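Some notes on the structure that comes next.
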Amino acid sequence: MKRTSPFKKIRDDLRFISEDIFKNVWAVIDLAGISNDPACDLDPYITKSVNFDGAVRCVRMAKEAGVERYIYSSSCSVYGNGRSTDLDENSPLEPVSLYAKLKAQVEVELLQLQSENFSITILRNATIYGLSPRMRFDLVVNLMTLFAWKNRKIQVLGGGQQWRPLVHLEDVCQAFCLVLEAPSSLIREQIYNVGSKQQNYQVLTIANLIRDVVPYVDVELVPDDPDRRTYNVSFDKIVRDLGFKVTHSVSETAIEIKQNLDSGSLDPNEIRYYTLKFYKYLLDAEKTLHEVSYRGRIF
């Protein structure tokens, strides 16, 4: 059955949001949270309150309000330091970062809330790339393309042998739509990796793909890398069950990002495009405002 309704934007915080917003809602897609491993490490207490406590609070309220279908945006980073290739949805989880550990913990809590009238689906997204309204220059393809364009150099840490599965932003949107449109009996209590086998790349290969489409770029290997994540992931299940198929490639997207940088429509100095830097700026600004304001006002 096709469901349509007027779009209503609500600006709120999932830690404090009211249960009322879930009333008369058929499905929820939970994309909320502090993203990016370094940003999550800024304040672990706040990160847990948002990414775990807030996420679990929202799904419980949605169930209580009568929502029928709940889709949670997780991450392939839950596989962490993967011990094999072709990691599927039943492979052991080895999360390394706080971000990934909380994602794994939320998954457990959500599946326990599954019931006959409340369908839970978890999508473990590969590392996303592509243009977006608030560009993310902290994701590997986007960041390497920026460095290639700006510095004519891409630095690859740890020898570049680490595996990263990649997926374009629009293909992730397609995956969520497929779950929304699928019969409940098919996607109920299911976990799907979102990406494609062809876009499982070692980091050095990603750098070389970008070097091939951004001219006059050097790839430099840096021996050490504090990030120990490496995961090569299987996406057979989402292809088999939902007919998922990617429509974008790393090379074409690197060209698209470069063209937007060349034209000036993408500002490489916009602080909002760098998650960690932006969050630090906001925290510092909040502290300053608190120190100089009186009764909640500057003047």
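Within each chain, counting starts at residue 1; across the structure tokens, chains are named A, B, ... in the order shown, with ligands numbered 1 upward in that order.
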Residue neighbourhood Asn51 in chain A, 10 Å, only C-alpha atoms, exclusion window fewer than 6 positions, as a PDB file with N, CA and C atoms, in the first residue's frame:
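Below you can see out-v2.pdb, which holds the result:
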ATOM      1  N   LEU A  14      17.113  13.844  19.762  1.00  0.00           N
ATOM      2  CA  LEU A  14      16.526  12.540  20.040  1.00  0.00           C
ATOM      3  C   LEU A  14      16.626  12.138  21.510  1.00  0.00           C
ATOM      4  N   ARG A  15      17.440  12.834  22.285  1.00  0.00           N
ATOM      5  CA  ARG A  15      17.506  12.549  23.726  1.00  0.00           C
ATOM      6  C   ARG A  15      16.304  13.097  24.472  1.00  0.00           C
ATOM      7  N   ALA A  32      19.934   9.429  13.049  1.00  0.00           N
ATOM      8  CA  ALA A  32      20.464  10.419  13.986  1.00  0.00           C
ATOM      9  C   ALA A  32      21.704   9.907  14.705  1.00  0.00           C
ATOM     10  N   GLY A  33      22.546  10.841  15.148  1.00  0.00           N
ATOM     11  CA  GLY A  33      23.714  10.476  15.941  1.00  0.00           C
ATOM     12  C   GLY A  33      24.925  11.319  15.605  1.00  0.00           C
ATOM     13  N   ILE A  34      25.919  11.221  16.464  1.00  0.00           N
ATOM     14  CA  ILE A  34      27.208  11.868  16.216  1.00  0.00           C
ATOM     15  C   ILE A  34      28.003  10.944  15.309  1.00  0.00           C
ATOM     16  N   SER A  35      28.366  11.445  14.144  1.00  0.00           N
ATOM     17  CA  SER A  35      29.076  10.624  13.166  1.00  0.00           C
ATOM     18  C   SER A  35      30.580  10.878  13.240  1.00  0.00           C
ATOM     19  N   CYS A  40      33.263  11.383  17.756  1.00  0.00           N
ATOM     20  CA  CYS A  40      32.701  10.636  18.883  1.00  0.00           C
ATOM     21  C   CYS A  40      33.653  10.614  20.076  1.00  0.00           C
ATOM     22  N   LEU A  98      34.757   3.906  19.501  1.00  0.00           N
ATOM     23  CA  LEU A  98      33.569   4.122  20.315  1.00  0.00           C
ATOM     24  C   LEU A  98      32.334   4.189  19.422  1.00  0.00           C
ATOM     25  N   TYR A  99      32.434   4.872  18.300  1.00  0.00           N
ATOM     26  CA  TYR A  99      31.326   4.973  17.351  1.00  0.00           C
ATOM     27  C   TYR A  99      30.805   3.592  16.971  1.00  0.00           C
ATOM     28  N   LEU A 102      29.197   1.497  19.946  1.00  0.00           N
ATOM     29  CA  LEU A 102      27.836   1.908  20.283  1.00  0.00           C
ATOM     30  C   LEU A 102      26.843   1.461  19.220  1.00  0.00           C
ATOM     31  N   LYS A 103      27.255   1.488  17.948  1.00  0.00           N
ATOM     32  CA  LYS A 103      26.391   0.975  16.885  1.00  0.00           C
ATOM     33  C   LYS A 103      26.061  -0.496  17.144  1.00  0.00           C
ATOM     34  N   GLN A 105      26.107  -2.109  19.981  1.00  0.00           N
ATOM     35  CA  GLN A 105      25.269  -2.241  21.173  1.00  0.00           C
ATOM     36  C   GLN A 105      23.816  -1.869  20.885  1.00  0.00           C
ATOM     37  N   VAL A 106      23.620  -0.831  20.070  1.00  0.00           N
ATOM     38  CA  VAL A 106      22.255  -0.433  19.709  1.00  0.00           C
ATOM     39  C   VAL A 106      21.575  -1.554  18.915  1.00  0.00           C
TER      40      VAL A 106
END
Atomic separation - CA of Gln202 in chain A relative to CA of Ala148 in chain A, Å:
17.7 Å
Leaving out range 134-139 of chain A and any residue of its chain fewer than 3 positions from it, which residues lie within 12 Å of it when counting only C-alpha atoms, given as a count of residues only?
42
Excluding same-chain residues fewer than 3 positions from range 238-252 of chain A, what lies within 8 Å of it counting only C-alpha atoms, as a list in words?
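Those residues are Tyr129, Val141, Val167, His168, Asp171, Gln174, Ala175, Leu178, Val179, Ala182, Leu186, Tyr192, Asn193, Val194, Gly195, Ser196, Ile206, Leu209, Ile210, Val213, Phe235, Ile255 and Glu256 of chain A.
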Just to be explicit: take each residue in the selection above, keep C-alpha atoms, and write the result as a PDB file, in the first residue's frame.
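That gives us again-v8.pdb:
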ATOM      1  CA  TYR A 129      31.040   8.895  -0.462  1.00  0.00           C
ATOM      2  CA  VAL A 141      36.882   9.155  -1.049  1.00  0.00           C
ATOM      3  CA  VAL A 167      29.039   2.992  -1.257  1.00  0.00           C
ATOM      4  CA  HIS A 168      27.639   6.174  -2.787  1.00  0.00           C
ATOM      5  CA  ASP A 171      22.836   4.110  -3.361  1.00  0.00           C
ATOM      6  CA  GLN A 174      18.075   3.403  -2.563  1.00  0.00           C
ATOM      7  CA  ALA A 175      18.689   0.694   0.049  1.00  0.00           C
ATOM      8  CA  LEU A 178      13.917  -0.877  -0.887  1.00  0.00           C
ATOM      9  CA  VAL A 179      13.426  -1.804   2.759  1.00  0.00           C
ATOM     10  CA  ALA A 182       9.589  -4.644   0.806  1.00  0.00           C
ATOM     11  CA  LEU A 186      10.990 -10.344   4.136  1.00  0.00           C
ATOM     12  CA  TYR A 192      21.724  -6.082   5.676  1.00  0.00           C
ATOM     13  CA  ASN A 193      25.198  -4.940   4.672  1.00  0.00           C
ATOM     14  CA  VAL A 194      24.791  -2.062   2.194  1.00  0.00           C
ATOM     15  CA  GLY A 195      27.379  -1.787  -0.567  1.00  0.00           C
ATOM     16  CA  SER A 196      28.803  -3.952  -3.341  1.00  0.00           C
ATOM     17  CA  ILE A 206      41.241   4.038  -3.536  1.00  0.00           C
ATOM     18  CA  LEU A 209      41.669   5.434  -8.457  1.00  0.00           C
ATOM     19  CA  ILE A 210      41.491   9.097  -7.475  1.00  0.00           C
ATOM     20  CA  VAL A 213      41.127  11.067 -12.513  1.00  0.00           C
ATOM     21  CA  PHE A 235      26.819  -7.800   0.188  1.00  0.00           C
ATOM     22  CA  ILE A 255      35.489  13.638 -11.065  1.00  0.00           C
ATOM     23  CA  GLU A 256      32.208  15.168  -9.906  1.00  0.00           C
TER      24      GLU A 256
END
Counting only C-alpha atoms, closest pick from A:Tyr45, A:Tyr79, A:Phe176, A:Trp163 relative to Gln199 in chain A is A:Trp163
